[in-house]
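**Q** coords_26.cif is reproduced in full below (mmCIF, C-alpha atoms).
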data_run
loop_
_atom_site.label_atom_id
_atom_site.label_comp_id
_atom_site.auth_asym_id
_atom_site.auth_seq_id
_atom_site.Cartn_x
_atom_site.Cartn_y
_atom_site.Cartn_z
CA MET A 197 -51.62 12.23 -33.22
CA ILE A 198 -49.73 8.92 -33.31
CA LEU A 199 -52.54 7.15 -31.41
CA ASP A 200 -55.48 8.61 -33.34
CA ASN A 201 -55.95 5.40 -35.33
CA ALA A 202 -55.17 3.08 -32.42
CA PRO A 203 -57.75 1.43 -30.17
CA GLU A 204 -58.83 3.52 -27.21
CA ASN A 205 -57.42 0.96 -24.81
CA GLU A 206 -53.90 1.37 -26.27
CA LYS A 207 -52.06 3.16 -23.44
CA MET A 208 -48.48 2.09 -24.23
CA ILE A 209 -47.95 1.03 -20.64
CA ALA A 210 -46.96 -2.61 -21.23
CA HIS A 211 -43.38 -3.23 -20.15
CA ASP A 212 -42.46 -4.99 -23.39
CA ILE A 213 -43.74 -2.09 -25.48
CA GLN A 214 -41.92 0.46 -23.33
CA LYS A 215 -38.70 -1.51 -23.65
CA ASP A 216 -39.12 -1.72 -27.42
CA ILE A 217 -39.64 2.04 -27.64
CA ALA A 218 -36.63 2.75 -25.44
CA SER A 219 -34.53 0.31 -27.48
CA ALA A 220 -35.56 1.95 -30.75
CA ILE A 221 -34.72 5.43 -29.41
CA SER A 222 -31.37 4.17 -28.11
CA PHE A 223 -30.51 2.55 -31.42
CA GLY A 224 -31.43 5.75 -33.27
CA ILE A 225 -29.22 7.89 -31.03
CA ILE A 226 -26.25 5.54 -31.37
CA SER A 227 -26.76 5.39 -35.14
CA SER A 228 -26.56 9.20 -35.31
CA ILE A 229 -23.35 9.11 -33.25
CA THR A 230 -21.73 6.46 -35.45
CA LYS A 231 -22.84 8.42 -38.51
CA GLU A 232 -21.09 11.48 -37.07
CA ILE A 233 -17.91 9.42 -36.59
CA GLY A 234 -18.24 8.06 -40.11
CA ASP A 235 -15.02 6.57 -41.38
CA GLY A 236 -12.97 8.54 -38.84
CA LEU A 237 -10.78 7.35 -36.00
CA PHE A 238 -11.94 7.06 -32.41
CA SER A 239 -11.00 5.83 -28.94
CA LEU A 240 -12.78 3.22 -26.86
CA LEU A 241 -13.51 3.84 -23.17
CA VAL A 242 -14.96 0.99 -21.09
CA ASP A 243 -15.80 0.58 -17.41
CA GLU A 244 -17.67 -2.12 -15.56
CA SER A 245 -19.50 -2.05 -12.24
CA ARG A 246 -22.32 -3.75 -10.39
CA ASP A 247 -25.71 -2.04 -10.32
CA ILE A 248 -28.21 -1.92 -7.46
CA SER A 249 -29.65 -5.30 -8.49
CA SER A 250 -26.16 -6.87 -8.27
CA LYS A 251 -25.89 -7.31 -12.04
CA GLU A 252 -22.56 -6.61 -13.71
CA GLN A 253 -22.86 -3.83 -16.28
CA MET A 254 -20.36 -2.63 -18.87
CA ALA A 255 -20.50 1.06 -19.85
CA ILE A 256 -19.15 2.04 -23.28
CA VAL A 257 -18.02 5.52 -24.31
CA LEU A 258 -16.58 6.62 -27.67
CA ARG A 259 -14.19 9.56 -27.98
CA TYR A 260 -13.47 11.20 -31.31
CA VAL A 261 -12.62 14.53 -32.94
CA LYS A 262 -15.18 16.54 -34.91
CA ASP A 263 -14.42 19.96 -36.41
CA GLY A 264 -11.35 20.30 -34.21
CA CYS A 265 -13.22 19.51 -30.97
CA VAL A 266 -12.79 16.40 -28.81
CA ILE A 267 -16.18 14.78 -28.29
CA GLU A 268 -17.11 11.99 -25.88
CA ARG A 269 -20.39 10.12 -26.34
CA PHE A 270 -21.89 7.63 -23.93
CA VAL A 271 -23.31 4.93 -26.18
CA GLY A 272 -24.81 2.43 -23.79
CA ILE A 273 -24.65 -0.06 -20.97
CA LYS A 274 -24.41 -3.78 -21.65
CA HIS A 275 -25.13 -6.52 -19.14
CA VAL A 276 -22.25 -8.99 -18.83
CA SER A 277 -22.43 -12.35 -17.10
CA TYR A 278 -18.70 -12.33 -16.46
CA THR A 279 -16.26 -9.44 -16.06
CA THR A 280 -13.21 -11.18 -17.49
CA GLY A 281 -11.26 -9.52 -20.26
CA LEU A 282 -12.51 -12.13 -22.75
CA SER A 283 -16.15 -11.44 -21.86
CA LEU A 284 -15.74 -7.66 -22.06
CA ASN A 285 -13.90 -7.96 -25.37
CA LEU A 286 -16.69 -10.16 -26.79
CA GLN A 287 -19.36 -7.64 -25.82
CA SER A 288 -17.31 -4.81 -27.32
CA MET A 289 -17.00 -6.68 -30.62
CA ILE A 290 -20.75 -7.42 -30.64
CA PHE A 291 -21.43 -3.71 -30.10
CA PHE A 292 -19.04 -2.77 -32.92
CA SER A 293 -20.65 -5.26 -35.30
CA ARG A 294 -24.18 -4.17 -34.48
CA HIS A 295 -23.47 -0.50 -35.12
CA GLY A 296 -21.12 -0.81 -38.07
CA LEU A 297 -17.95 0.21 -36.25
CA SER A 298 -14.54 -1.25 -37.11
CA ILE A 299 -11.90 -2.12 -34.55
CA SER A 300 -9.29 -1.11 -37.13
CA LYS A 301 -10.36 2.51 -36.55
CA VAL A 302 -9.63 2.43 -32.83
CA ARG A 303 -6.61 4.58 -31.92
CA GLY A 304 -6.83 4.61 -28.16
CA GLN A 305 -8.17 2.72 -25.16
CA GLY A 306 -9.15 4.04 -21.74
CA TYR A 307 -9.87 1.75 -18.80
CA ASP A 308 -9.35 1.57 -15.05
CA GLY A 309 -6.45 -0.26 -13.45
CA GLU A 310 -8.12 -3.60 -12.73
CA SER A 311 -6.45 -6.76 -14.00
CA ASN A 312 -9.36 -7.63 -16.30
CA MET A 313 -8.69 -4.33 -18.08
CA GLN A 314 -4.91 -3.93 -17.88
CA GLY A 315 -3.79 -7.59 -17.76
CA GLU A 316 -0.76 -8.40 -19.89
CA TYR A 317 -2.20 -11.63 -21.31
CA ASN A 318 -6.01 -11.68 -21.12
CA GLY A 319 -6.84 -8.10 -20.18
CA LEU A 320 -9.22 -6.14 -22.43
CA LYS A 321 -6.37 -3.80 -23.35
CA THR A 322 -4.19 -6.68 -24.57
CA LEU A 323 -7.00 -8.40 -26.47
CA VAL A 324 -7.82 -5.22 -28.40
CA LEU A 325 -4.12 -4.61 -29.09
CA ASN A 326 -3.88 -8.12 -30.54
CA GLU A 327 -6.53 -7.10 -33.07
CA ASN A 328 -5.19 -3.58 -33.67
CA SER A 329 -1.62 -2.68 -32.75
CA SER A 330 -2.38 1.05 -33.10
CA ALA A 331 -5.00 1.00 -30.33
CA TYR A 332 -2.62 2.20 -27.61
CA SER A 333 -3.83 2.15 -24.04
CA VAL A 334 -2.69 4.81 -21.58
CA TYR A 335 -3.95 4.29 -18.06
CA CYS A 336 -4.94 7.55 -16.31
CA PHE A 337 -1.72 9.59 -16.39
CA SER A 338 -2.52 11.82 -13.42
CA HIS A 339 -3.51 8.85 -11.27
CA GLN A 340 -0.36 6.95 -12.19
CA LEU A 341 1.74 10.00 -11.35
CA GLN A 342 -0.05 10.36 -8.02
CA LEU A 343 0.61 6.71 -7.18
CA ALA A 344 4.29 7.11 -8.06
CA VAL A 345 4.68 10.20 -5.86
CA ARG A 346 2.76 8.57 -3.04
CA ALA A 347 4.94 5.46 -3.16
CA VAL A 348 8.12 7.52 -2.82
CA SER A 349 6.60 9.62 -0.02
CA LYS A 350 6.38 6.45 2.06
CA LYS A 351 9.88 5.23 1.26
CA HIS A 352 11.93 8.30 2.18
CA THR A 353 11.99 9.40 5.83
CA TYR A 354 12.12 13.17 5.27
CA VAL A 355 9.37 13.20 2.65
CA GLU A 356 7.18 10.97 4.81
CA ASP A 357 7.72 13.29 7.78
CA LEU A 358 6.55 16.25 5.71
CA PHE A 359 3.29 14.59 4.70
CA LEU A 360 2.67 13.45 8.27
CA LEU A 361 3.22 17.02 9.38
CA VAL A 362 0.76 18.35 6.82
CA THR A 363 -1.76 15.73 7.95
CA ASN A 364 -1.38 16.90 11.56
CA ILE A 365 -1.94 20.50 10.52
CA VAL A 366 -5.09 19.60 8.59
CA THR A 367 -6.37 17.55 11.52
CA VAL A 368 -5.87 20.43 13.95
CA VAL A 369 -7.55 22.94 11.63
CA GLU A 370 -10.52 20.74 10.73
CA GLY A 371 -11.18 19.96 14.39
CA SER A 372 -13.47 22.95 14.87
CA THR A 373 -15.14 25.73 12.89
CA LYS A 374 -13.51 28.26 15.21
CA ARG A 375 -10.04 27.28 14.05
CA GLN A 376 -11.19 27.26 10.43
CA ASP A 377 -12.50 30.81 10.82
CA LEU A 378 -9.17 31.87 12.33
CA ILE A 379 -7.35 30.36 9.37
CA LEU A 380 -9.58 32.13 6.85
CA GLU A 381 -9.20 35.46 8.63
CA LYS A 382 -5.43 35.16 8.88
CA GLN A 383 -5.06 34.02 5.28
CA ALA A 384 -7.25 36.89 4.02
CA THR A 385 -4.95 39.36 5.77
CA LEU A 386 -1.89 37.71 4.24
CA VAL A 387 -3.42 37.81 0.78
CA TYR A 388 -4.19 41.53 1.04
CA GLU A 389 -0.64 42.23 2.25
CA ALA A 390 0.78 40.14 -0.58
CA ILE A 391 -1.31 42.03 -3.11
CA ASP A 392 0.03 45.34 -1.75
CA ARG A 393 3.59 44.04 -2.18
CA GLY A 394 2.87 42.57 -5.60
CA GLU A 395 3.49 39.03 -4.39
CA LEU A 396 1.42 35.85 -4.57
CA SER A 397 0.93 34.18 -1.21
CA THR A 398 0.36 30.41 -1.17
CA TRP A 399 0.71 29.31 2.43
CA GLN A 400 2.33 30.88 5.47
CA VAL A 401 3.63 29.46 8.74
CA ASP A 402 2.18 32.53 10.48
CA VAL A 403 -1.13 30.70 10.45
CA LEU A 404 0.29 28.25 12.95
CA ASP A 405 1.28 31.14 15.21
CA THR A 406 -2.36 32.16 15.34
CA LEU A 407 -3.43 28.63 16.23
CA ALA A 408 -0.76 28.29 18.88
CA HIS A 409 -1.83 31.42 20.75
CA HIS A 410 -5.59 31.70 20.18
CA SER A 411 -7.08 28.26 19.54
CA ASP A 412 -8.46 25.75 22.00
CA LYS A 413 -5.85 23.29 20.72
CA LYS A 414 -2.77 25.24 21.77
CA PHE A 415 -0.78 22.15 22.76
CA GLU A 416 -1.27 20.35 19.44
CA ALA A 417 -0.56 23.51 17.48
CA ARG A 418 2.64 24.19 19.41
CA LEU A 419 3.79 20.65 18.78
CA THR A 420 3.22 21.25 15.10
CA LEU A 421 5.11 24.52 15.30
CA ASP A 422 8.04 22.84 17.01
CA GLU A 423 8.15 20.21 14.27
CA LYS A 424 7.91 22.86 11.58
CA TYR A 425 10.78 24.89 12.97
CA ASN A 426 12.79 21.91 14.09
CA GLY A 427 15.87 22.05 11.90
CA TYR A 428 16.64 23.03 8.37
CA HIS A 429 15.28 20.03 6.53
CA GLY A 430 11.59 20.80 7.19
CA ARG A 431 11.56 23.72 4.79
CA PHE A 432 14.00 21.94 2.48
CA VAL A 433 11.54 19.10 2.01
CA ALA A 434 8.63 21.49 1.46
CA SER A 435 10.57 23.47 -1.12
CA PHE A 436 11.57 20.27 -2.88
CA VAL A 437 7.94 19.17 -3.13
CA GLU A 438 6.95 22.63 -4.43
CA GLU A 439 9.74 22.51 -7.01
CA ARG A 440 8.67 19.09 -8.23
CA SER A 441 5.03 20.20 -8.47
CA ARG A 442 6.04 23.22 -10.52
CA TYR A 443 7.96 21.08 -12.98
CA CYS A 444 5.02 18.64 -13.17
CA GLU A 445 2.82 21.51 -14.33
CA CYS A 446 5.28 23.16 -16.71
CA HIS A 447 6.97 20.29 -18.52
CA GLU A 448 5.53 17.78 -20.90
CA THR A 449 6.59 14.53 -19.20
CA VAL A 450 7.70 13.29 -15.84
CA TYR A 451 10.96 12.08 -17.36
CA HIS A 452 11.81 15.53 -18.63
CA MET A 453 10.95 16.80 -15.17
CA GLN A 454 13.38 14.35 -13.57
CA ALA A 455 16.23 15.33 -15.87
CA THR A 456 15.59 19.05 -15.41
CA ILE A 457 15.46 18.88 -11.62
CA ALA A 458 18.59 16.74 -11.42
CA LYS A 459 20.48 19.18 -13.60
CA ASP A 460 19.23 22.60 -12.50
CA GLY A 461 16.98 21.94 -9.52
CA TRP A 462 19.58 22.01 -6.77
CA GLU A 463 21.00 25.39 -7.72
CA SER A 464 17.54 26.98 -7.85
CA LEU A 465 16.20 25.17 -4.78
CA LEU A 466 18.89 26.11 -2.29
CA PRO A 467 18.37 29.91 -2.51
CA GLN A 468 14.62 29.44 -2.04
CA VAL A 469 15.17 27.49 1.18
CA SER A 470 17.68 30.00 2.54
CA SER A 471 15.40 32.94 1.71
CA PHE A 472 12.46 31.32 3.50
CA CYS A 473 14.53 30.51 6.57
CA GLU A 474 15.89 34.08 6.81
CA LYS A 475 12.39 35.51 6.50
CA HIS A 476 11.05 33.33 9.33
CA GLU A 477 14.13 33.51 11.57
CA ILE A 478 15.16 29.91 11.03
CA GLU A 479 18.86 29.16 11.21
CA VAL A 480 20.42 28.97 7.75
CA LEU A 481 22.93 26.16 7.68
CA ASN A 482 26.41 26.51 6.27
CA MET A 483 26.63 23.84 3.58
CA GLU A 484 30.32 23.30 4.32
CA ASP A 485 29.74 22.47 7.99
CA MET A 486 29.46 18.90 9.20
CA PHE A 487 25.94 17.52 9.28
CA CYS A 488 24.58 16.67 12.73
CA PHE A 489 22.59 13.47 12.75
CA PRO A 490 19.69 13.58 15.24
CA ARG A 491 19.71 10.91 17.94
CA LYS A 492 23.26 9.87 17.06
CA SER A 493 26.44 10.53 18.98
CA LYS A 494 29.13 12.53 17.20
CA ARG A 495 31.48 9.59 17.60
CA LEU A 496 29.19 7.13 15.79
CA ALA A 497 27.66 9.49 13.23
CA PRO A 498 29.16 9.55 9.69
CA HIS A 499 31.37 12.55 9.00
CA ILE A 500 29.68 14.25 6.04
CA THR A 501 28.94 17.86 5.21
CA ASN A 502 25.51 19.45 5.05
CA LEU A 503 25.99 19.83 1.32
CA HIS A 504 26.58 16.11 0.83
CA HIS A 505 23.66 15.15 3.06
CA TYR A 506 21.02 17.36 1.45
CA ARG A 507 22.19 17.13 -2.14
CA VAL A 508 23.28 13.48 -2.36
CA GLU A 509 21.50 11.59 0.43
CA PHE A 510 18.24 13.44 0.02
CA PHE A 511 17.90 15.40 -3.24
CA TYR A 512 19.46 12.88 -5.65
CA GLU A 513 18.18 9.90 -3.71
CA VAL A 514 14.55 11.02 -3.94
CA ILE A 515 14.92 11.75 -7.66
CA ASN A 516 16.35 8.27 -8.26
CA MET A 517 13.58 6.65 -6.23
CA GLN A 518 11.00 8.60 -8.18
CA LEU A 519 12.55 7.65 -11.51
CA LEU A 520 12.51 3.95 -10.61
CA GLU A 521 8.86 4.21 -9.62
CA LEU A 522 7.95 6.01 -12.83
CA ASN A 523 9.82 3.46 -14.94
CA TYR A 524 7.77 0.77 -13.24
CA ARG A 525 4.41 2.47 -13.86
CA PHE A 526 4.94 3.88 -17.36
CA SER A 527 5.84 1.62 -20.28
CA GLU A 528 8.35 2.62 -22.94
CA THR A 529 5.61 3.06 -25.54
CA THR A 530 3.50 5.20 -23.22
CA THR A 531 6.47 7.42 -22.45
CA GLU A 532 7.28 7.83 -26.12
CA LEU A 533 3.68 8.78 -26.87
CA PHE A 534 3.73 11.47 -24.17
CA LEU A 535 7.01 12.89 -25.43
CA CYS A 536 5.76 13.03 -29.01
CA VAL A 537 2.32 14.47 -28.29
CA ALA A 538 3.84 17.11 -26.00
CA SER A 539 5.63 18.54 -29.04
CA LEU A 540 2.26 19.88 -30.21
CA SER A 541 1.71 21.97 -27.07
CA PRO A 542 1.07 25.65 -27.98
CA ILE A 543 2.50 26.92 -24.66
CA ASP A 544 5.16 29.65 -25.04
CA SER A 545 4.66 29.94 -28.81
CA PHE A 546 5.12 26.19 -29.37
CA SER A 547 8.46 26.16 -27.59
CA ALA A 548 8.20 22.37 -27.13
CA PHE A 549 7.82 21.77 -30.89
CA ASP A 550 10.14 19.00 -32.06
CA LYS A 551 9.92 17.87 -35.67
CA GLN A 552 11.72 14.58 -35.11
CA LYS A 553 9.43 13.59 -32.25
CA LEU A 554 6.37 14.20 -34.41
CA VAL A 555 7.86 12.06 -37.16
CA CYS A 556 8.35 9.32 -34.55
CA LEU A 557 4.71 9.78 -33.53
CA ALA A 558 3.61 9.16 -37.12
CA GLN A 559 5.76 6.04 -37.26
CA LEU A 560 3.83 4.61 -34.31
CA TYR A 561 0.78 4.46 -36.60
CA PRO A 562 1.97 2.59 -39.72
CA SER A 563 -1.57 2.01 -41.00
CA ASP A 564 -2.20 5.77 -41.12
CA PHE A 565 1.02 6.97 -42.77
CA SER A 566 2.48 5.47 -45.92
CA ALA A 567 6.19 5.60 -46.74
CA VAL A 568 5.54 8.48 -49.15
CA GLU A 569 3.57 10.43 -46.54
CA LEU A 570 6.33 9.93 -43.98
CA GLY A 571 8.84 11.21 -46.52
CA ILE A 572 7.08 14.55 -46.98
CA LEU A 573 5.98 14.91 -43.36
CA GLU A 574 9.05 16.88 -42.28
CA ASP A 575 8.38 19.59 -44.88
CA GLN A 576 4.74 19.71 -43.84
CA LEU A 577 5.73 20.12 -40.20
CA GLU A 578 7.96 23.06 -41.11
CA THR A 579 4.97 24.74 -42.73
CA TYR A 580 2.75 23.83 -39.80
CA ILE A 581 4.95 25.48 -37.16
CA VAL A 582 5.32 28.66 -39.23
CA VAL A 583 1.55 28.93 -39.63
CA MET A 584 0.84 28.20 -35.97
CA ARG A 585 3.38 30.68 -34.64
CA SER A 586 2.01 33.40 -36.88
CA SER A 587 -1.59 32.76 -35.82
CA GLY A 588 -3.08 35.25 -33.40
CA ASP A 589 -4.91 32.42 -31.61
CA PHE A 590 -1.63 31.27 -30.06
CA TRP A 591 -0.08 34.59 -29.02
CA GLY A 592 0.94 35.09 -25.42
#
How would this structure read if it were set down as structure tokens?
**A**
Amino acid sequence: MILDNAPENEKMIAHDIQKDIASAISFGIISSITKEIGDGLFSLLVDESRDISSKEQMAIVLRYVKDGCVIERFVGIKHVSYTTGLSLNLQSMIFFSRHGLSISKVRGQGYDGESNMQGEYNGLKTLVLNENSSAYSVYCFSHQLQLAVRAVSKKHTYVEDLFLLVTNIVTVVEGSTKRQDLILEKQATLVYEAIDRGELSTWQVDVLDTLAHHSDKKFEARLTLDEKYNGYHGRFVASFVEERSRYCECHETVYHMQATIAKDGWESLLPQVSSFCEKHEIEVLNMEDMFCFPRKSKRLAPHITNLHHYRVEFFYEVINMQLLELNYRFSETTTELFLCVASLSPIDSFSAFDKQKLVCLAQLYPSDFSAVELGILEDQLETYIVVMRSSGDFWG
């Protein structure tokens, strides 16, 4: 229909025409997205990479909330001659101006960890913050946490030994499909037995017994078994890692996790280790006995108890190392944001709700809350928590 009045030789195959059509469609789509955002708040996500023709491209994504749902929209790719923070910031401002967006409405930034993004002086994050102090940037939380845990795993001997051991196990298992089938068969049996007992089975050392007696890698498997059963600290380290992972999943911030483990973790961890050792016929150490240092003579070894060694030289030491690493990777503002936002978690009937933290959260955005609004916010939060806890959507 659209070509009825056009010349018969009009095929719309010229590159310039095709580009104009694509550009018009793109502009129309972005206009509908910006219209959906309207005068609302949004976050800016940017990444840059080189395409197949070796041209640097900057991808732009907008994140916003509509009708209670978080929406992310890819809004385009821009060619950039340089990938410096200044160049990326300039292209972002040009995009905002072209589509009627205001940087004053930005309330979050999401980038990778490169210096042109996260730099303290000329990084894109800093340049946007200079224009809008409420545009907080939080670098990928899960990745930062992974880097912090990984750093500590290489600094503490026992923790490093555990991860090396796990790597050896994975290497042995992945060496052949036969061993993988043995693992699957053994694990299936364990799961069925656990179901009959009403337990949840995660991983069992019995798998290594199967490898040691039936695989074509008996020697390597037996070495792994010897390491696994060699002393008390093998299971202690594993239990410690499990305990830390559980707190990572259940608590709102890594700092709360650190404080909780330091306070209550030891008392809950020790029975778990002893129970595991009894079940698998591993010697349970008396915490009041003197600790035996491997590869050290009794005359030269320090005279300390098992309790002191495992609780002070290992348990507390790893927690302190982890805390230092987390302090390095998470800024004070980022930590405060996590603590405040976590107060809105509906888990356990909003058990993490904290009115004062939410007031602090509002104070971090002075352009969004006036002095009068801050004054009545506490009463509004009281009403909010009553309504939420009485709503059937949050039961259980």
**Q** Can you work out the spacing between atom CA of A:Lys262 and atom CA of A:Ala538 in Å, to one decimal?
**A** 21.0 Å
**Q** Given the file shown, enumerate the residues that the PyMOL selection byres ((chain A and resi 323) around 10) captures and present them as a list in words.
**A**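 On the file shown, the PyMOL selection byres ((chain A and resi 323) around 10) covers Gly281, Leu282, Leu284, Asn285, Leu286, Met313, Gln314, Gly315, Glu316, Tyr317, Asn318, Gly319, Leu320, Lys321, Thr322, Val324, Leu325, Asn326, Glu327 and Asn328 of chain A.
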**Q** Expand the PyMOL selection byres ((chain A and resi 303) around 8) into the individual residues it matches in the shown file, reporting them as a PyMOL selection string.
**A** chain A and resi 237-239+301-302+304-305+330-332
**Q** Print the selection's residues with C-alpha atoms to a file, as a short mmCIF file (atom, residue, chain, number, x, y, z; two decimals), keeping the file's coordinate frame.
**A**
data_model
loop_
_atom_site.label_atom_id
_atom_site.label_comp_id
_atom_site.auth_asym_id
_atom_site.auth_seq_id
_atom_site.Cartn_x
_atom_site.Cartn_y
_atom_site.Cartn_z
CA LEU A 237 -10.78 7.35 -36.00
CA PHE A 238 -11.94 7.06 -32.41
CA SER A 239 -11.00 5.83 -28.94
CA LYS A 301 -10.36 2.51 -36.55
CA VAL A 302 -9.63 2.43 -32.83
CA GLY A 304 -6.83 4.61 -28.16
CA GLN A 305 -8.17 2.72 -25.16
CA SER A 330 -2.38 1.05 -33.10
CA ALA A 331 -5.00 1.00 -30.33
CA TYR A 332 -2.62 2.20 -27.61
#
**Q** Have a look at atom CA of A:Arg585 and atom CA of A:Ala548 and let me know their distance in Å, one decimal.
**A**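 Interatomic distance, atom CA of A:Arg585 to atom CA of A:Ala548: 12.2 Å.
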**Q** Record the distance separating atom CA of A:Tyr561 and atom CA of A:Thr530, expressed in Å with one decimal.
**A**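 Taking atom CA of A:Tyr561 and atom CA of A:Thr530, their separation equals 13.7 Å.
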**Q** Nearest to A:Tyr335 among A:Ile500, A:Gly224, A:Leu520, A:Tyr307, with distances taken over all atoms listed in the file: which residue is it?
**A** A:Tyr307
**Q** For A:Arg525, find every residue with an atom within 8 Å (counting only C-alpha atoms), except residues of its own chain fewer than 3 positions away, and show them as a list in words.
**A**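 Those residues are Gln340, Ala344, Glu521 and Leu522 of chain A.
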**Q** Output the selection as a short mmCIF file (atom, residue, chain, number, x, y, z; two decimals), in the coordinates of the input - C-alpha atoms for each residue.
**A**
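Done, and the output landed in out_4.cif:
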data_model
loop_
_atom_site.label_atom_id
_atom_site.label_comp_id
_atom_site.auth_asym_id
_atom_site.auth_seq_id
_atom_site.Cartn_x
_atom_site.Cartn_y
_atom_site.Cartn_z
CA GLN A 340 -0.36 6.95 -12.19
CA ALA A 344 4.29 7.11 -8.06
CA GLU A 521 8.86 4.21 -9.62
CA LEU A 522 7.95 6.01 -12.83
#
**Q** List the spatial neighbours of A:Glu252 as an NGL selection string - criterion: any atom at most 9 Å away, all atoms listed in the file, same-chain residues fewer than 6 positions off excluded.
**A** :A and (244-246 or 274-279)
**Q** Any chance you could resolve the PyMOL selection byres ((chain A and resi 539-544) around 12) against this file and give the residues as number ranges by chain?
**A** A: 445-449, 532-538, 545-557, 577, 580-581, 584-592
**Q** Calculated over only C-alpha atoms, which of the candidates A:Ile379, A:Leu503, A:Val271, A:Leu240 has the smallest distance to A:Met483?
**A**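 Between A:Ile379, A:Leu503, A:Val271, A:Leu240, the residue approaching A:Met483 most closely is A:Leu503.
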